[in-house]
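Below: data32.txt (compact mmCIF, N, CA and C atoms)
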```
# COMPACT_ATOMS: atom_id res chain seq x y z
N VAL A 62 189.14 -40.33 120.10
CA VAL A 62 189.62 -39.80 121.37
C VAL A 62 188.62 -38.83 121.96
N GLY A 63 188.04 -37.98 121.15
CA GLY A 63 187.09 -37.00 121.65
C GLY A 63 186.80 -35.98 120.57
N LYS A 64 186.01 -34.98 120.91
CA LYS A 64 185.62 -33.96 119.95
C LYS A 64 186.26 -32.62 120.28
N GLY A 65 186.32 -31.76 119.29
CA GLY A 65 186.75 -30.39 119.49
C GLY A 65 188.17 -30.26 120.00
N ILE A 66 188.41 -29.15 120.69
CA ILE A 66 189.77 -28.89 121.14
C ILE A 66 190.20 -29.86 122.24
N ALA A 67 189.26 -30.38 123.01
CA ALA A 67 189.60 -31.38 124.03
C ALA A 67 190.13 -32.65 123.35
N GLY A 68 189.46 -33.09 122.31
CA GLY A 68 189.91 -34.26 121.58
C GLY A 68 191.26 -34.04 120.92
N LEU A 69 191.45 -32.85 120.37
CA LEU A 69 192.74 -32.53 119.74
C LEU A 69 193.86 -32.49 120.77
N ALA A 70 193.60 -31.91 121.94
CA ALA A 70 194.62 -31.84 122.99
C ALA A 70 195.00 -33.25 123.46
N ALA A 71 194.01 -34.11 123.63
CA ALA A 71 194.28 -35.49 124.05
C ALA A 71 195.03 -36.26 122.97
N GLN A 72 194.58 -36.14 121.74
CA GLN A 72 195.18 -36.88 120.64
C GLN A 72 196.63 -36.48 120.40
N HIS A 73 196.91 -35.17 120.42
CA HIS A 73 198.25 -34.69 120.10
C HIS A 73 199.13 -34.49 121.33
N LYS A 74 198.54 -34.67 122.53
CA LYS A 74 199.28 -34.57 123.80
C LYS A 74 199.97 -33.22 123.95
N LYS A 75 199.22 -32.16 123.55
CA LYS A 75 199.74 -30.81 123.72
C LYS A 75 198.59 -29.82 123.81
N ALA A 76 198.90 -28.61 124.23
CA ALA A 76 197.88 -27.57 124.38
C ALA A 76 197.29 -27.21 123.02
N VAL A 77 195.98 -26.91 123.02
CA VAL A 77 195.29 -26.41 121.84
C VAL A 77 194.65 -25.09 122.24
N ASN A 78 194.89 -24.07 121.44
CA ASN A 78 194.52 -22.71 121.78
C ASN A 78 193.76 -22.11 120.60
N SER A 79 192.60 -21.51 120.87
CA SER A 79 191.83 -20.85 119.81
C SER A 79 191.45 -19.45 120.26
N CYS A 80 191.81 -18.46 119.47
CA CYS A 80 191.49 -17.06 119.80
C CYS A 80 189.99 -16.80 119.72
N ASN A 81 189.33 -17.45 118.75
CA ASN A 81 187.90 -17.21 118.55
C ASN A 81 187.25 -18.47 117.98
N LEU A 82 186.66 -19.27 118.84
CA LEU A 82 186.03 -20.51 118.39
C LEU A 82 184.94 -20.28 117.36
N THR A 83 184.23 -19.17 117.47
CA THR A 83 183.12 -18.92 116.56
C THR A 83 183.57 -18.74 115.12
N GLN A 84 184.84 -18.37 114.92
CA GLN A 84 185.37 -18.16 113.57
C GLN A 84 186.42 -19.20 113.18
N ASP A 85 186.65 -20.18 114.05
CA ASP A 85 187.66 -21.20 113.77
C ASP A 85 187.21 -22.05 112.59
N SER A 86 188.05 -22.19 111.59
CA SER A 86 187.68 -22.94 110.38
C SER A 86 188.01 -24.42 110.47
N ASP A 87 188.60 -24.86 111.57
CA ASP A 87 188.95 -26.27 111.74
C ASP A 87 187.66 -27.11 111.76
N PRO A 88 187.51 -28.05 110.83
CA PRO A 88 186.28 -28.84 110.77
C PRO A 88 186.09 -29.76 111.97
N ARG A 89 187.15 -29.96 112.76
CA ARG A 89 187.04 -30.82 113.94
C ARG A 89 186.40 -30.11 115.13
N ILE A 90 186.19 -28.79 115.01
CA ILE A 90 185.51 -28.04 116.07
C ILE A 90 184.01 -28.18 115.85
N PRO A 91 183.29 -28.80 116.79
CA PRO A 91 181.86 -29.01 116.60
C PRO A 91 181.08 -27.70 116.49
N VAL A 92 180.00 -27.74 115.73
CA VAL A 92 179.13 -26.57 115.57
C VAL A 92 178.64 -26.09 116.94
N ALA A 93 178.32 -27.01 117.83
CA ALA A 93 177.84 -26.64 119.17
C ALA A 93 178.87 -25.78 119.91
N ALA A 94 180.15 -26.09 119.74
CA ALA A 94 181.20 -25.29 120.39
C ALA A 94 181.25 -23.89 119.80
N LYS A 95 181.00 -23.79 118.50
CA LYS A 95 181.02 -22.49 117.84
C LYS A 95 179.82 -21.63 118.22
N ASN A 96 178.76 -22.26 118.72
CA ASN A 96 177.55 -21.54 119.11
C ASN A 96 177.39 -21.43 120.62
N ALA A 97 178.44 -21.66 121.38
CA ALA A 97 178.34 -21.76 122.84
C ALA A 97 178.55 -20.44 123.59
N ASN A 98 178.55 -19.32 122.88
CA ASN A 98 178.72 -18.01 123.53
C ASN A 98 180.09 -17.84 124.19
N VAL A 99 181.10 -18.54 123.66
CA VAL A 99 182.48 -18.34 124.10
C VAL A 99 183.34 -18.13 122.87
N MET A 100 184.45 -17.47 123.05
CA MET A 100 185.35 -17.23 121.93
C MET A 100 186.72 -17.81 122.20
N GLY A 101 187.47 -17.17 123.09
CA GLY A 101 188.82 -17.63 123.39
C GLY A 101 188.77 -18.91 124.20
N ALA A 102 189.61 -19.89 123.83
CA ALA A 102 189.61 -21.16 124.55
C ALA A 102 190.98 -21.80 124.49
N ILE A 103 191.28 -22.53 125.55
CA ILE A 103 192.50 -23.32 125.61
C ILE A 103 192.17 -24.64 126.27
N CYS A 104 192.81 -25.68 125.82
CA CYS A 104 192.61 -27.00 126.42
C CYS A 104 193.96 -27.70 126.46
N VAL A 105 194.26 -28.33 127.58
CA VAL A 105 195.52 -29.06 127.73
C VAL A 105 195.23 -30.49 128.17
N PRO A 106 196.09 -31.42 127.75
CA PRO A 106 195.92 -32.79 128.22
C PRO A 106 196.39 -32.92 129.67
N MET A 107 195.77 -33.85 130.38
CA MET A 107 196.23 -34.18 131.74
C MET A 107 196.82 -35.58 131.67
N PHE A 108 198.04 -35.74 132.19
CA PHE A 108 198.76 -36.99 132.09
C PHE A 108 198.78 -37.76 133.41
N LYS A 109 198.71 -39.08 133.29
CA LYS A 109 198.90 -39.93 134.46
C LYS A 109 200.30 -39.68 135.00
N ARG A 110 200.41 -39.64 136.30
CA ARG A 110 201.67 -39.30 136.95
C ARG A 110 202.84 -40.10 136.38
N ASP A 111 203.91 -39.39 136.04
CA ASP A 111 205.16 -39.96 135.55
C ASP A 111 205.02 -40.78 134.27
N THR A 112 203.99 -40.48 133.47
CA THR A 112 203.82 -41.16 132.18
C THR A 112 203.37 -40.14 131.15
N ASP A 113 203.22 -40.62 129.92
CA ASP A 113 202.64 -39.76 128.88
C ASP A 113 201.23 -40.22 128.53
N GLU A 114 200.61 -41.00 129.44
CA GLU A 114 199.25 -41.48 129.23
C GLU A 114 198.25 -40.37 129.58
N VAL A 115 197.42 -40.00 128.63
CA VAL A 115 196.42 -38.95 128.85
C VAL A 115 195.24 -39.55 129.61
N VAL A 116 194.88 -38.91 130.73
CA VAL A 116 193.74 -39.38 131.53
C VAL A 116 192.56 -38.42 131.45
N GLY A 117 192.73 -37.30 130.76
CA GLY A 117 191.65 -36.33 130.61
C GLY A 117 192.20 -35.04 130.03
N THR A 118 191.35 -34.03 129.98
CA THR A 118 191.78 -32.72 129.50
C THR A 118 191.23 -31.65 130.44
N LEU A 119 191.88 -30.51 130.43
CA LEU A 119 191.47 -29.35 131.22
C LEU A 119 191.29 -28.18 130.26
N GLY A 120 190.11 -27.60 130.27
CA GLY A 120 189.83 -26.51 129.34
C GLY A 120 189.35 -25.26 130.04
N ILE A 121 189.68 -24.13 129.45
CA ILE A 121 189.23 -22.82 129.93
C ILE A 121 188.72 -22.05 128.72
N ALA A 122 187.57 -21.42 128.87
CA ALA A 122 187.00 -20.61 127.79
C ALA A 122 186.56 -19.26 128.34
N VAL A 123 186.67 -18.25 127.50
CA VAL A 123 186.25 -16.90 127.88
C VAL A 123 185.31 -16.36 126.79
N ARG A 124 184.53 -15.37 127.14
CA ARG A 124 183.51 -14.86 126.22
C ARG A 124 184.02 -13.81 125.24
N SER A 125 185.30 -13.52 125.25
CA SER A 125 185.86 -12.55 124.31
C SER A 125 187.02 -13.21 123.56
N GLU A 126 187.44 -12.59 122.47
CA GLU A 126 188.60 -13.11 121.76
C GLU A 126 189.81 -13.05 122.67
N ARG A 127 190.57 -14.13 122.68
CA ARG A 127 191.76 -14.16 123.53
C ARG A 127 192.68 -15.27 123.05
N THR A 128 193.91 -14.92 122.83
CA THR A 128 194.93 -15.93 122.56
C THR A 128 195.72 -16.10 123.85
N PHE A 129 195.71 -17.31 124.37
CA PHE A 129 196.46 -17.59 125.59
C PHE A 129 197.94 -17.64 125.25
N THR A 130 198.77 -17.14 126.14
CA THR A 130 200.21 -17.06 125.89
C THR A 130 200.87 -18.42 126.07
N THR A 131 202.06 -18.53 125.56
CA THR A 131 202.84 -19.75 125.75
C THR A 131 203.07 -20.01 127.23
N ALA A 132 203.31 -18.96 127.99
CA ALA A 132 203.51 -19.11 129.44
C ALA A 132 202.26 -19.67 130.11
N GLU A 133 201.08 -19.20 129.68
CA GLU A 133 199.82 -19.71 130.24
C GLU A 133 199.61 -21.17 129.85
N GLU A 134 199.93 -21.51 128.60
CA GLU A 134 199.84 -22.90 128.16
C GLU A 134 200.72 -23.79 129.02
N GLU A 135 201.96 -23.36 129.23
CA GLU A 135 202.90 -24.16 130.02
C GLU A 135 202.44 -24.29 131.47
N LEU A 136 201.92 -23.22 132.03
CA LEU A 136 201.42 -23.27 133.40
C LEU A 136 200.29 -24.30 133.53
N LEU A 137 199.34 -24.23 132.61
CA LEU A 137 198.24 -25.19 132.65
C LEU A 137 198.73 -26.62 132.43
N LEU A 138 199.58 -26.79 131.45
CA LEU A 138 200.05 -28.12 131.11
C LEU A 138 200.93 -28.73 132.19
N LEU A 139 201.88 -27.96 132.67
CA LEU A 139 202.86 -28.50 133.61
C LEU A 139 202.41 -28.48 135.06
N GLN A 140 201.51 -27.59 135.41
CA GLN A 140 201.10 -27.46 136.80
C GLN A 140 199.69 -27.96 137.05
N ALA A 141 198.73 -27.21 136.57
CA ALA A 141 197.33 -27.50 136.88
C ALA A 141 196.90 -28.88 136.38
N GLY A 142 197.23 -29.18 135.14
CA GLY A 142 196.85 -30.47 134.58
C GLY A 142 197.44 -31.63 135.33
N ARG A 143 198.70 -31.53 135.71
CA ARG A 143 199.36 -32.62 136.44
C ARG A 143 198.80 -32.76 137.86
N VAL A 144 198.50 -31.66 138.51
CA VAL A 144 197.94 -31.72 139.86
C VAL A 144 196.58 -32.40 139.85
N ILE A 145 195.72 -31.99 138.94
CA ILE A 145 194.39 -32.59 138.85
C ILE A 145 194.50 -34.06 138.46
N ALA A 146 195.30 -34.37 137.45
CA ALA A 146 195.44 -35.75 136.98
C ALA A 146 196.00 -36.64 138.08
N ALA A 147 196.89 -36.13 138.91
CA ALA A 147 197.47 -36.95 139.98
C ALA A 147 196.40 -37.43 140.93
N ASN A 148 195.37 -36.64 141.09
CA ASN A 148 194.28 -37.03 141.99
C ASN A 148 193.27 -37.94 141.31
N LEU A 149 193.32 -38.04 139.98
CA LEU A 149 192.42 -38.92 139.24
C LEU A 149 193.01 -40.31 139.04
N ALA A 150 194.32 -40.34 138.85
CA ALA A 150 194.98 -41.60 138.48
C ALA A 150 195.20 -42.51 139.66
```
Rendering of file as structure tokens:
Amino acid sequence: VGKGIAGLAAQHKKAVNSCNLTQDSDPRIPVAAKNANVMGAICVPMFKRDTDEVVGTLGIAVRSERTFTTAEEELLLLQAGRVIAANLA
């Protein structure tokens, strides 16, 4: 499906959130992501309108440690991801 948190978000059809990518022990996180000068990251799947088909992912990363809240995950998943995906599908 893909690599890193984008691949995980697409595969599991849910938000993936990492407080600090540089220290994340998940072997599915590529070394390049751990060396990219970012720490906090979130990625959500984007779904084809009115389906559960993933058409892409939307990710945000910041340069400091940050755990995104459940409310932020829901906002990205339910709003931003669907709006962008609607224009792709």
For this session: Show which residues sit within 12 Å of Asn78 in chain A, as a count of residues only. Count only C-alpha atoms, and ignore same-chain residues fewer than 2 positions away.
Result: 33
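The coordinates place CA of Lys74 in chain A at 26.4 Å from CA of Asn98 in chain A.
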Problem set entry | Given only C-alpha atoms as the counted atoms, nearest of A:Ala132, A:Thr112, A:Ser125, A:Ala94 to Ala147 in chain A |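 Residue with the minimum atom-to-atom distance to Ala147 in chain A: A:Thr112.
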Problem set entry | Those in range 65-118 of chain A with helix (DSSP H, G or I) from DSSP, as JSON, numbers by chain | {"A": [65, 66, 67, 68, 69, 70, 71, 72, 73, 82, 83, 84, 92, 93, 94, 95]}
For this session: Show which residues sit within 7 Å of Val115 in chain A, as an NGL selection string. Count only N, CA and C atoms, and ignore same-chain residues fewer than 6 positions away.
Result: :A and (71 or 106-109)
Go ahead and dump the residues you just picked, N, CA and C atoms, as an mmCIF file, keeping the file's coordinate frame.
```
data_model
loop_
_atom_site.group_PDB
_atom_site.id
_atom_site.type_symbol
_atom_site.label_atom_id
_atom_site.label_comp_id
_atom_site.auth_asym_id
_atom_site.auth_seq_id
_atom_site.Cartn_x
_atom_site.Cartn_y
_atom_site.Cartn_z
ATOM 1 N N ALA A 71 194.010 -34.110 123.630
ATOM 2 C CA ALA A 71 194.280 -35.490 124.050
ATOM 3 C C ALA A 71 195.030 -36.260 122.970
ATOM 4 N N PRO A 106 196.090 -31.420 127.750
ATOM 5 C CA PRO A 106 195.920 -32.790 128.220
ATOM 6 C C PRO A 106 196.390 -32.920 129.670
ATOM 7 N N MET A 107 195.770 -33.850 130.380
ATOM 8 C CA MET A 107 196.230 -34.180 131.740
ATOM 9 C C MET A 107 196.820 -35.580 131.670
ATOM 10 N N PHE A 108 198.040 -35.740 132.190
ATOM 11 C CA PHE A 108 198.760 -36.990 132.090
ATOM 12 C C PHE A 108 198.780 -37.760 133.410
ATOM 13 N N LYS A 109 198.710 -39.080 133.290
ATOM 14 C CA LYS A 109 198.900 -39.930 134.460
ATOM 15 C C LYS A 109 200.300 -39.680 135.000
#
```
Problem set entry | Shortest interatomic distance to Asp113 in chain A - which of A:Arg143, A:Val62, A:Ser86, A:Lys95, counting only C-alpha atoms | A:Arg143
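For the atom pair formed by atom N of Gly63 in chain A and CA of Val116 in chain A, the distance is 11.9 Å, given to one decimal.
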Exercise. How many Å lie between CA of Ala97 in chain A and CA of Thr83 in chain A, rounded to one decimal?
Worked result: 8.4 Å
Exercise. With only C-alpha atoms as the basis for distance, which of A:Ala93, A:Leu138, A:Val144, A:Val99 is at the shortest distance from Lys64 in chain A?
Worked result: A:Ala93
